[in-house]
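Enquirer: Pasting coords31.pdb here (PDB, C-alpha atoms):
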```pdb
MODEL        1
ATOM      1  CA  MET A  22       0.000   0.000   0.000
ATOM      2  CA  THR A  23       1.322   3.437  -0.968
ATOM      3  CA  GLN A  24       0.687   6.250   1.498
ATOM      4  CA  LEU A  25      -0.990   9.284  -0.043
ATOM      5  CA  THR A  26      -0.035  12.932   0.401
ATOM      6  CA  PRO A  27      -2.541  15.308   2.068
ATOM      7  CA  TYR A  28      -3.326  16.826  -1.364
ATOM      8  CA  GLN A  29      -3.990  13.389  -2.879
ATOM      9  CA  ILE A  30      -6.265  12.520   0.035
ATOM     10  CA  TYR A  31      -8.195  15.782  -0.401
ATOM     11  CA  ASP A  32      -8.557  15.145  -4.137
ATOM     12  CA  LEU A  33      -9.664  11.559  -3.582
ATOM     13  CA  LEU A  34     -12.268  12.374  -0.970
ATOM     14  CA  ASN A  35     -13.904  14.953  -3.228
ATOM     15  CA  ARG A  36     -14.642  12.506  -6.014
ATOM     16  CA  GLN A  37     -18.020  11.013  -6.810
ATOM     17  CA  ARG A  38     -19.314   8.606  -4.155
ATOM     18  CA  PRO A  39     -19.258   5.836  -3.195
ATOM     19  CA  LEU A  40     -15.489   5.435  -3.328
ATOM     20  CA  TRP A  41     -13.509   2.260  -4.091
ATOM     21  CA  LEU A  42     -10.612   2.371  -1.612
ATOM     22  CA  VAL A  43      -9.616  -1.268  -1.251
ATOM     23  CA  LYS A  44      -6.167  -1.641   0.391
ATOM     24  CA  ILE A  45      -5.642   2.129   0.514
ATOM     25  CA  ASP A  46      -3.100   3.437   3.050
ATOM     26  CA  LEU A  47      -4.593   6.289   5.083
ATOM     27  CA  SER A  48      -2.617   5.611   8.238
ATOM     28  CA  ASP A  49      -2.053   8.665  10.459
ATOM     29  CA  ALA A  50      -4.349  10.705   8.165
ATOM     30  CA  ASN A  51      -6.606  13.492   9.430
ATOM     31  CA  LEU A  52     -10.073  12.392   8.301
ATOM     32  CA  TRP A  53     -12.129  14.283  10.865
ATOM     33  CA  LEU A  54     -15.797  14.625   9.811
ATOM     34  CA  VAL A  55     -15.154  12.830   6.507
ATOM     35  CA  ASP A  56     -18.103  11.126   4.764
ATOM     36  CA  LEU A  57     -17.136   7.695   3.401
ATOM     37  CA  SER A  58     -20.590   6.151   3.461
ATOM     38  CA  ALA A  59     -21.016   2.955   1.428
ATOM     39  CA  SER A  60     -17.374   3.073   0.278
ATOM     40  CA  ASP A  61     -15.366  -0.126  -0.130
ATOM     41  CA  MET A  62     -12.409   0.165   2.263
ATOM     42  CA  SER A  63     -11.745  -3.526   2.767
ATOM     43  CA  TRP A  64      -8.143  -4.298   3.734
ATOM     44  CA  ALA A  65      -7.459  -0.540   4.082
ATOM     45  CA  ASN A  66      -4.812   0.732   6.501
ATOM     46  CA  LEU A  67      -6.411   3.338   8.762
ATOM     47  CA  SER A  68      -4.177   2.785  11.755
ATOM     48  CA  ARG A  69      -3.811   5.819  14.033
ATOM     49  CA  SER A  70      -5.988   7.907  11.688
ATOM     50  CA  ASP A  71      -8.337  10.567  13.032
ATOM     51  CA  LEU A  72     -11.852   9.552  12.000
ATOM     52  CA  SER A  73     -13.631  11.347  14.814
ATOM     53  CA  ARG A  74     -17.244  12.129  13.914
ATOM     54  CA  ALA A  75     -16.720  10.537  10.495
ATOM     55  CA  THR A  76     -19.677   9.038   8.610
ATOM     56  CA  LEU A  77     -19.007   5.414   7.658
ATOM     57  CA  ILE A  78     -22.567   4.152   7.354
ATOM     58  CA  ARG A  79     -22.722   0.888   5.349
ATOM     59  CA  THR A  80     -18.984   1.184   4.630
ATOM     60  CA  ASN A  81     -17.123  -2.057   3.881
ATOM     61  CA  LEU A  82     -14.160  -2.251   6.283
ATOM     62  CA  THR A  83     -13.605  -5.995   6.079
ATOM     63  CA  ARG A  84     -10.115  -6.888   7.398
ATOM     64  CA  ALA A  85      -9.264  -3.176   7.643
ATOM     65  CA  ASN A  86      -6.555  -2.047  10.060
ATOM     66  CA  LEU A  87      -8.084   0.500  12.443
ATOM     67  CA  SER A  88      -5.677  -0.089  15.308
ATOM     68  CA  GLY A  89      -5.169   3.026  17.410
ATOM     69  CA  ALA A  90      -7.599   5.023  15.244
ATOM     70  CA  ASN A  91      -9.786   7.775  16.695
ATOM     71  CA  LEU A  92     -13.444   7.042  15.917
ATOM     72  CA  PHE A  93     -14.970   9.291  18.577
ATOM     73  CA  GLU A  94     -18.688   9.736  17.828
ATOM     74  CA  ALA A  95     -18.220   8.156  14.389
ATOM     75  CA  LEU A  96     -21.283   6.793  12.558
ATOM     76  CA  LEU A  97     -20.694   3.150  11.604
ATOM     77  CA  SER A  98     -24.231   1.800  11.548
ATOM     78  CA  ARG A  99     -24.618  -1.230   9.235
ATOM     79  CA  ALA A 100     -20.887  -1.089   8.459
ATOM     80  CA  THR A 101     -19.042  -4.323   7.675
ATOM     81  CA  LEU A 102     -16.035  -4.813   9.958
ATOM     82  CA  ILE A 103     -15.535  -8.567   9.643
ATOM     83  CA  GLY A 104     -12.101  -9.522  10.965
ATOM     84  CA  ALA A 105     -11.096  -5.865  11.364
ATOM     85  CA  ASN A 106      -8.105  -4.946  13.529
ATOM     86  CA  MET A 107      -9.465  -2.461  16.070
ATOM     87  CA  VAL A 108      -6.900  -2.926  18.831
ATOM     88  CA  ARG A 109      -6.849   0.128  21.130
ATOM     89  CA  THR A 110      -9.281   1.958  18.839
ATOM     90  CA  ASP A 111     -11.232   4.820  20.420
ATOM     91  CA  LEU A 112     -14.939   4.244  19.746
ATOM     92  CA  THR A 113     -16.258   6.500  22.488
ATOM     93  CA  ARG A 114     -19.943   7.292  21.784
ATOM     94  CA  ALA A 115     -19.666   5.799  18.288
ATOM     95  CA  ASP A 116     -22.766   4.309  16.630
ATOM     96  CA  LEU A 117     -22.243   0.740  15.370
ATOM     97  CA  GLY A 118     -25.881  -0.284  15.370
ATOM     98  CA  LYS A 119     -26.518  -3.343  13.153
ATOM     99  CA  ALA A 120     -22.835  -3.411  12.150
ATOM    100  CA  ASP A 121     -21.109  -6.739  11.409
ATOM    101  CA  LEU A 122     -17.990  -7.162  13.572
ATOM    102  CA  THR A 123     -17.703 -10.931  13.285
ATOM    103  CA  GLU A 124     -14.282 -12.050  14.577
ATOM    104  CA  ALA A 125     -13.068  -8.433  14.843
ATOM    105  CA  ASP A 126     -10.258  -7.722  17.328
ATOM    106  CA  LEU A 127     -11.149  -4.915  19.736
ATOM    107  CA  THR A 128      -8.570  -5.706  22.417
ATOM    108  CA  GLU A 129      -8.168  -2.773  24.836
ATOM    109  CA  ALA A 130     -10.492  -0.599  22.732
ATOM    110  CA  ASN A 131     -12.421   2.259  24.336
ATOM    111  CA  LEU A 132     -16.129   1.532  23.844
ATOM    112  CA  THR A 133     -17.463   3.909  26.489
ATOM    113  CA  ARG A 134     -21.094   4.825  25.685
ATOM    114  CA  ALA A 135     -20.754   3.267  22.208
ATOM    115  CA  SER A 136     -23.833   1.658  20.641
ATOM    116  CA  PHE A 137     -23.705  -1.892  19.267
ATOM    117  CA  SER A 138     -27.464  -2.416  19.348
ATOM    118  CA  LEU A 139     -28.495  -5.311  17.069
ATOM    119  CA  ALA A 140     -24.881  -5.647  15.906
ATOM    120  CA  THR A 141     -23.142  -8.963  15.183
ATOM    121  CA  LEU A 142     -19.937  -9.597  17.131
ATOM    122  CA  ALA A 143     -19.816 -13.388  16.969
ATOM    123  CA  GLY A 144     -16.346 -14.660  17.852
ATOM    124  CA  ALA A 145     -15.001 -11.125  18.353
ATOM    125  CA  ASN A 146     -12.189 -10.393  20.794
ATOM    126  CA  LEU A 147     -12.991  -7.673  23.333
ATOM    127  CA  ASN A 148     -10.331  -8.462  25.932
ATOM    128  CA  GLN A 149      -9.679  -5.649  28.431
ATOM    129  CA  THR A 150     -12.078  -3.265  26.680
ATOM    130  CA  SER A 151     -13.478  -0.249  28.494
ATOM    131  CA  ALA A 152     -17.180  -0.473  27.685
ATOM    132  CA  SER A 153     -18.974   1.224  30.565
ATOM    133  CA  ARG A 154     -22.478   2.439  29.676
ATOM    134  CA  SER A 155     -22.166   0.837  26.226
ATOM    135  CA  ASP A 156     -25.268  -0.484  24.441
ATOM    136  CA  PHE A 157     -25.208  -4.119  23.291
ATOM    137  CA  SER A 158     -28.981  -4.582  23.415
ATOM    138  CA  LYS A 159     -30.161  -7.493  21.247
ATOM    139  CA  ALA A 160     -26.639  -7.907  19.835
ATOM    140  CA  ASN A 161     -25.228 -11.261  18.716
ATOM    141  CA  LEU A 162     -22.275 -11.818  21.073
ATOM    142  CA  THR A 163     -22.001 -15.570  20.579
ATOM    143  CA  GLY A 164     -18.551 -16.804  21.591
ATOM    144  CA  VAL A 165     -17.256 -13.300  22.306
ATOM    145  CA  ASN A 166     -14.175 -12.978  24.520
ATOM    146  CA  PHE A 167     -14.652 -10.231  27.149
ATOM    147  CA  LEU A 168     -11.770 -11.268  29.440
ATOM    148  CA  GLY A 169     -11.224  -8.570  32.084
ATOM    149  CA  ALA A 170     -13.476  -6.037  30.338
ATOM    150  CA  ASN A 171     -15.290  -3.180  32.092
ATOM    151  CA  LEU A 172     -19.013  -3.418  31.291
ATOM    152  CA  ASN A 173     -20.337  -1.483  34.260
ATOM    153  CA  LEU A 174     -23.820  -0.046  33.583
ATOM    154  CA  ALA A 175     -23.782  -1.592  30.090
ATOM    155  CA  ASN A 176     -27.055  -2.395  28.314
ATOM    156  CA  LEU A 177     -27.129  -6.087  27.345
ATOM    157  CA  PHE A 178     -30.905  -6.416  27.183
ATOM    158  CA  GLU A 179     -31.807  -9.588  25.253
ATOM    159  CA  ALA A 180     -28.203  -9.929  24.045
ATOM    160  CA  ASN A 181     -27.083 -13.374  22.891
ATOM    161  CA  LEU A 182     -23.982 -14.234  24.939
ATOM    162  CA  THR A 183     -24.104 -17.975  24.334
ATOM    163  CA  ARG A 184     -20.688 -19.532  25.082
ATOM    164  CA  ALA A 185     -19.205 -16.079  25.687
ATOM    165  CA  ARG A 186     -16.082 -15.815  27.844
ATOM    166  CA  LEU A 187     -16.619 -13.230  30.558
ATOM    167  CA  THR A 188     -13.897 -14.220  33.021
ATOM    168  CA  ARG A 189     -13.156 -11.474  35.566
ATOM    169  CA  VAL A 190     -15.507  -9.065  33.784
ATOM    170  CA  SER A 191     -17.001  -6.179  35.745
ATOM    171  CA  LEU A 192     -20.752  -5.980  35.080
ATOM    172  CA  GLN A 193     -21.789  -3.826  38.003
ATOM    173  CA  LYS A 194     -25.386  -2.583  37.565
ATOM    174  CA  ALA A 195     -25.416  -3.912  33.988
ATOM    175  CA  ASP A 196     -28.758  -4.652  32.303
ATOM    176  CA  LEU A 197     -28.820  -8.359  31.391
ATOM    177  CA  ASN A 198     -32.598  -8.584  31.371
ATOM    178  CA  ARG A 199     -33.603 -11.637  29.279
ATOM    179  CA  ALA A 200     -30.041 -12.067  28.023
ATOM    180  CA  ARG A 201     -28.898 -15.529  26.859
ATOM    181  CA  LEU A 202     -25.757 -16.789  28.582
ATOM    182  CA  ASP A 203     -26.086 -20.518  27.930
ATOM    183  CA  GLY A 204     -22.693 -22.200  28.350
ATOM    184  CA  ALA A 205     -21.005 -18.870  29.073
ATOM    185  CA  SER A 206     -18.039 -18.587  31.439
ATOM    186  CA  LEU A 207     -18.321 -15.803  34.029
ATOM    187  CA  VAL A 208     -15.650 -17.066  36.431
ATOM    188  CA  ASP A 209     -14.871 -14.439  39.095
ATOM    189  CA  ALA A 210     -17.074 -11.844  37.366
ATOM    190  CA  ASP A 211     -18.562  -8.939  39.337
ATOM    191  CA  LEU A 212     -22.336  -8.748  38.837
ATOM    192  CA  THR A 213     -23.030  -6.464  41.791
ATOM    193  CA  GLY A 214     -26.436  -4.865  41.325
ATOM    194  CA  ALA A 215     -26.870  -6.322  37.829
ATOM    195  CA  ASP A 216     -30.355  -6.986  36.410
ATOM    196  CA  LEU A 217     -30.595 -10.637  35.303
ATOM    197  CA  THR A 218     -34.389 -10.781  35.312
ATOM    198  CA  GLY A 219     -35.506 -13.596  33.034
ATOM    199  CA  ALA A 220     -31.943 -14.293  31.871
ATOM    200  CA  ARG A 221     -30.922 -17.769  30.632
ATOM    201  CA  LEU A 222     -27.743 -19.181  32.148
ATOM    202  CA  LEU A 223     -28.090 -22.859  31.251
ATOM    203  CA  HIS A 224     -24.900 -24.753  32.168
ATOM    204  CA  ALA A 225     -23.033 -21.460  32.618
ATOM    205  CA  ASP A 226     -19.888 -21.400  34.754
ATOM    206  CA  LEU A 227     -20.635 -18.866  37.483
ATOM    207  CA  SER A 228     -17.801 -19.905  39.802
ATOM    208  CA  GLY A 229     -16.727 -17.087  42.093
ATOM    209  CA  VAL A 230     -19.290 -14.618  40.726
ATOM    210  CA  ASN A 231     -20.344 -11.802  43.052
ATOM    211  CA  PHE A 232     -24.142 -11.495  42.817
ATOM    212  CA  ALA A 233     -24.483  -8.959  45.666
ATOM    213  CA  GLY A 234     -27.673  -6.994  45.024
ATOM    214  CA  ALA A 235     -28.194  -8.664  41.616
ATOM    215  CA  ASP A 236     -31.768  -9.411  40.507
ATOM    216  CA  LEU A 237     -32.104 -13.052  39.418
ATOM    217  CA  THR A 238     -35.903 -13.095  39.356
ATOM    218  CA  ASP A 239     -37.159 -15.722  36.875
ATOM    219  CA  ALA A 240     -33.583 -16.455  35.712
ATOM    220  CA  ASP A 241     -32.963 -19.989  34.414
ATOM    221  CA  LEU A 242     -29.885 -21.453  36.132
ATOM    222  CA  THR A 243     -30.420 -25.052  35.063
ATOM    223  CA  GLY A 244     -27.098 -26.876  35.272
ATOM    224  CA  ALA A 245     -25.202 -23.689  36.144
ATOM    225  CA  LYS A 246     -22.058 -24.067  38.252
ATOM    226  CA  LEU A 247     -22.041 -21.727  41.261
ATOM    227  CA  GLU A 248     -18.971 -22.847  43.195
ATOM    228  CA  ARG A 249     -17.710 -19.957  45.391
ATOM    229  CA  ALA A 250     -20.467 -17.716  43.985
ATOM    230  CA  ASN A 251     -21.810 -15.142  46.450
ATOM    231  CA  LEU A 252     -25.610 -15.191  46.421
ATOM    232  CA  SER A 253     -25.967 -13.845  49.950
ATOM    233  CA  LYS A 254     -27.600 -10.568  48.936
ATOM    234  CA  ALA A 255     -29.016 -11.525  45.551
ATOM    235  CA  ILE A 256     -32.718 -11.136  44.707
ATOM    236  CA  VAL A 257     -33.862 -14.587  43.657
ATOM    237  CA  GLY A 258     -37.629 -14.024  43.400
ATOM    238  CA  GLN A 259     -39.184 -16.842  41.343
ATOM    239  CA  THR A 260     -35.770 -18.333  40.477
ATOM    240  CA  ASP A 261     -35.591 -22.112  40.872
ATOM    241  CA  LEU A 262     -32.141 -22.744  42.342
ATOM    242  CA  GLU A 263     -32.784 -26.471  42.738
ATOM    243  CA  LYS A 264     -31.742 -27.009  39.118
ATOM    244  CA  ALA A 265     -28.370 -25.312  39.641
ATOM    245  CA  ASN A 266     -25.184 -26.815  41.051
ATOM    246  CA  LEU A 267     -24.855 -24.915  44.339
ATOM    247  CA  ALA A 268     -21.883 -26.846  45.683
ATOM    248  CA  GLY A 269     -19.570 -24.303  47.322
ATOM    249  CA  ALA A 270     -21.985 -21.378  46.874
ATOM    250  CA  ILE A 271     -22.510 -18.785  49.631
ATOM    251  CA  LEU A 272     -26.233 -18.369  50.199
ATOM    252  CA  SER A 273     -26.355 -16.063  53.241
ATOM    253  CA  ASP A 274     -24.070 -13.605  55.015
ATOM    254  CA  ASN A 275     -23.252 -15.910  57.907
ATOM    255  CA  ALA A 276     -23.464 -19.231  56.103
ATOM    256  CA  ARG A 277     -20.599 -21.432  55.084
ATOM    257  CA  PRO A 278     -20.331 -22.537  51.452
ATOM    258  CA  VAL A 279     -22.763 -25.330  50.543
ATOM    259  CA  VAL A 280     -21.080 -28.707  50.917
ATOM    260  CA  GLY A 281     -21.605 -31.344  48.238
ATOM    261  CA  GLU A 282     -23.636 -31.126  45.078
ATOM    262  CA  MET A 283     -27.101 -29.581  45.325
ATOM    263  CA  ARG A 284     -29.436 -29.575  42.352
TER
ENDMDL
END
```
As structure tokens - that is how I would like this structure written.
Expert:
Amino acid sequence: MTQLTPYQIYDLLNRQRPLWLVKIDLSDANLWLVDLSASDMSWANLSRSDLSRATLIRTNLTRANLSGANLFEALLSRATLIGANMVRTDLTRADLGKADLTEADLTEANLTRASFSLATLAGANLNQTSASRSDFSKANLTGVNFLGANLNLANLFEANLTRARLTRVSLQKADLNRARLDGASLVDADLTGADLTGARLLHADLSGVNFAGADLTDADLTGAKLERANLSKAIVGQTDLEKANLAGAILSDNARPVVGEMR
């Protein structure tokens, strides 16, 4: 890829849309407020570029390199970001509604207040992301890796987190109402004050999870593993805990962990 001069970039961006920019090198470029809607930018190099408040609606960014890019308040709804490199990308308050981020790498990205509503992130890597107050409502998060991520106050209403890896994730006061977490791993996660009303956690690994103040009303914990989990101050409502594996769980402030296997 040949890097363009500022004049060449200006000339290119003022041509008739949509643009065909496959494999273009726009690394370190100043693209603030640029409109690249519906352009084909697959395999493009946009690393460290400034795309703050850019319009990238329906843009094809398949396998693009966006590592370290600034996408503050960018519009990426319905964009295609399959396999994109978004390591340490700043997506603060960006709109990625209905975008396709299948197998994208967002390690250590800043997703604070970003919207991924109805987006597809199947198999994506979101290790160590900062995603407080982000919106993943009704998103497809099947098999996503959220290791050590900050999802405090995040909206995961009806999100599909089947087989997701949420080890040591902070989900304080997160909205997981009617979310699907079948087979998910939430080992040592912090769900303090989280809303899990009507959530499905079939055969989920909830070992060491802190459920203090969490609402588990009508949640389905069939086959879930709760070893070392703290349920002492959780709201269980209509939840049937008899179908869960409560061996080693803490059920009250003064109680010892449950001994043996309880189902």
Enquirer: Which residue, A:Ser98, A:Thr128, A:Ser70, A:Thr26, has the smallest gap to Ala152 (chain A) when you use all atoms listed in the file?
Expert: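 Of all the options, A:Thr128 lies closest to Ala152 (chain A).
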Enquirer: Quick one: residues within 8 Å of Trp53 (chain A), all atoms listed in the file counted, chain neighbours fewer than 4 positions away excluded, as a list in words?
Expert: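 Everything that qualifies: Asp71, Leu72, Ser73, Arg74 and Ala75 of chain A.
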Enquirer: Can I get the selected residues back with C-alpha atoms, as a PDB file, keeping the file's coordinate frame?
Expert:
```pdb
ATOM      1  CA  ASP A  71      -8.337  10.567  13.032  1.00  0.00           C
ATOM      2  CA  LEU A  72     -11.852   9.552  12.000  1.00  0.00           C
ATOM      3  CA  SER A  73     -13.631  11.347  14.814  1.00  0.00           C
ATOM      4  CA  ARG A  74     -17.244  12.129  13.914  1.00  0.00           C
ATOM      5  CA  ALA A  75     -16.720  10.537  10.495  1.00  0.00           C
TER       6      ALA A  75
END
```
Enquirer: Taking the file as shown, find all residues satisfying the PyMOL selection byres ((chain A and resi 202-219) around 6) and write them as a short mmCIF file (atom, residue, chain, number, x, y, z; two decimals) with C-alpha atoms, in the coordinates of the input.
Expert:
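This went into result_35.cif:
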```cif
data_model
loop_
_atom_site.label_atom_id
_atom_site.label_comp_id
_atom_site.auth_asym_id
_atom_site.auth_seq_id
_atom_site.Cartn_x
_atom_site.Cartn_y
_atom_site.Cartn_z
CA LEU A 182 -23.98 -14.23 24.94
CA THR A 183 -24.10 -17.98 24.33
CA ARG A 184 -20.69 -19.53 25.08
CA ALA A 185 -19.20 -16.08 25.69
CA ARG A 186 -16.08 -15.82 27.84
CA LEU A 187 -16.62 -13.23 30.56
CA THR A 188 -13.90 -14.22 33.02
CA ARG A 189 -13.16 -11.47 35.57
CA VAL A 190 -15.51 -9.06 33.78
CA SER A 191 -17.00 -6.18 35.74
CA LEU A 192 -20.75 -5.98 35.08
CA GLN A 193 -21.79 -3.83 38.00
CA LYS A 194 -25.39 -2.58 37.56
CA ALA A 195 -25.42 -3.91 33.99
CA ASP A 196 -28.76 -4.65 32.30
CA LEU A 197 -28.82 -8.36 31.39
CA ASN A 198 -32.60 -8.58 31.37
CA ARG A 199 -33.60 -11.64 29.28
CA ARG A 201 -28.90 -15.53 26.86
CA ALA A 220 -31.94 -14.29 31.87
CA ARG A 221 -30.92 -17.77 30.63
CA LEU A 222 -27.74 -19.18 32.15
CA LEU A 223 -28.09 -22.86 31.25
CA HIS A 224 -24.90 -24.75 32.17
CA ALA A 225 -23.03 -21.46 32.62
CA ASP A 226 -19.89 -21.40 34.75
CA LEU A 227 -20.64 -18.87 37.48
CA SER A 228 -17.80 -19.90 39.80
CA GLY A 229 -16.73 -17.09 42.09
CA VAL A 230 -19.29 -14.62 40.73
CA ASN A 231 -20.34 -11.80 43.05
CA PHE A 232 -24.14 -11.50 42.82
CA ALA A 233 -24.48 -8.96 45.67
CA GLY A 234 -27.67 -6.99 45.02
CA ALA A 235 -28.19 -8.66 41.62
CA ASP A 236 -31.77 -9.41 40.51
CA LEU A 237 -32.10 -13.05 39.42
CA THR A 238 -35.90 -13.10 39.36
CA ASP A 239 -37.16 -15.72 36.88
CA ALA A 240 -33.58 -16.45 35.71
#
```
Enquirer: From the options A:Asn81, A:Thr260, A:Asn251, A:Thr101, which residue's atoms come nearest to Leu272 (chain A), counting all atoms listed in the file?
Expert: A:Asn251
Enquirer: Which residue out of A:Leu97, A:Ser151, A:Leu82, A:Thr123 has the minimum interatomic distance to Ser136 (chain A) when only C-alpha atoms are used?
Expert: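 Among the listed residues, A:Leu97 lies closest to Ser136 (chain A).
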Enquirer: With distances taken over all atoms listed in the file, which of A:Leu177, A:Leu172, A:Ala115, A:Ala160 is nearest to Asn148 (chain A)?
Expert: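 Nearest to Asn148 (chain A): A:Leu172.
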Enquirer: Rounded to one decimal, what separation in Å do you get between CA of Ser158 (chain A) and CA of Gly118 (chain A)?
Expert: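 Going from CA of Ser158 (chain A) over to CA of Gly118 (chain A), I get 9.6 Å.
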Enquirer: With 7 Å as the threshold, what does the neighbourhood of (-10.0, -0.3, 0.6) contain in terms of residues, counting all atoms listed in the file? Coordinates are those of the file; answer as a list in words.
Expert: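 Those residues lying close to the given coordinates are Trp41, Leu42, Val43, Lys44, Ile45, Asp61, Met62, Ser63, Trp64 and Ala65 of chain A.
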Enquirer: Return the padded bounding box of region 126-135 of chain A as AutoDock Vina command-line options: axis-aligned, built from all atoms listed in the file, 5 Å added on each side, with centre and edge lengths in Å to one decimal.
Expert:
```
--center_x -14.6 --center_y -1.4 --center_z 21.9 --size_x 22.9 --size_y 22.5 --size_z 19.2
```
Enquirer: As an exercise, work out the distance from CA of Ala130 (chain A) to CA of Asn166 (chain A) in Å and give it to one decimal place.
Expert: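 The value is 13.0 Å.
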Enquirer: Measuring between all atoms listed in the file, which one of A:Arg84, A:Arg114, A:Arg249, A:Arg79 shows the shortest distance to Leu67 (chain A)?
Expert: A:Arg84
Enquirer: Applying the PyMOL selection byres ((chain A and resi 47) around 6) to the file I just gave you, which residues come out? Please list them as a PyMOL selection string.
Expert: chain A and resi 46+48+50+66-67
Enquirer: Hey, which of A:Leu117, A:Ala245, A:Ile271, A:Val257 ends up closest to Phe157 (chain A)? Count all atoms listed in the file.
Expert: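 Result for the nearest residue to Phe157 (chain A): A:Leu117.
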Enquirer: Mind giving me the straight-line distance from CA of Leu168 (chain A) to CA of Asp121 (chain A) in Å, one decimal?
Expert: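 These atoms are spaced 20.8 Å apart.
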Enquirer: Which polymer residues, whether protein, DNA or RNA, lie within 6 Å of the coordinate (-26.4, 2.0, 21.6) when you count all atoms listed in the file? List them as a PDB file with C-alpha atoms, keeping the file's coordinate frame, using the chain letters and numbers from the file.
Expert:
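And here is the file that came out, out.pdb:
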```
ATOM      1  CA  ALA A 135     -20.754   3.267  22.208  1.00  0.00           C
ATOM      2  CA  SER A 136     -23.833   1.658  20.641  1.00  0.00           C
ATOM      3  CA  PHE A 137     -23.705  -1.892  19.267  1.00  0.00           C
ATOM      4  CA  SER A 138     -27.464  -2.416  19.348  1.00  0.00           C
ATOM      5  CA  ASP A 156     -25.268  -0.484  24.441  1.00  0.00           C
TER       6      ASP A 156
END
```
Enquirer: Report as a compact mmCIF listing (two decimals) with C-alpha atoms, keeping the file's coordinate frame the residues that result from applying the PyMOL selection byres ((chain A and resi 248) around 6) to the structure here.
Expert:
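Resulting contents of selection-v9.txt:
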```txt
# COMPACT_ATOMS: atom_id res chain seq x y z
CA SER A 228 -17.80 -19.90 39.80
CA LYS A 246 -22.06 -24.07 38.25
CA LEU A 247 -22.04 -21.73 41.26
CA ARG A 249 -17.71 -19.96 45.39
CA ALA A 250 -20.47 -17.72 43.98
CA ALA A 268 -21.88 -26.85 45.68
CA GLY A 269 -19.57 -24.30 47.32
CA ALA A 270 -21.98 -21.38 46.87
```
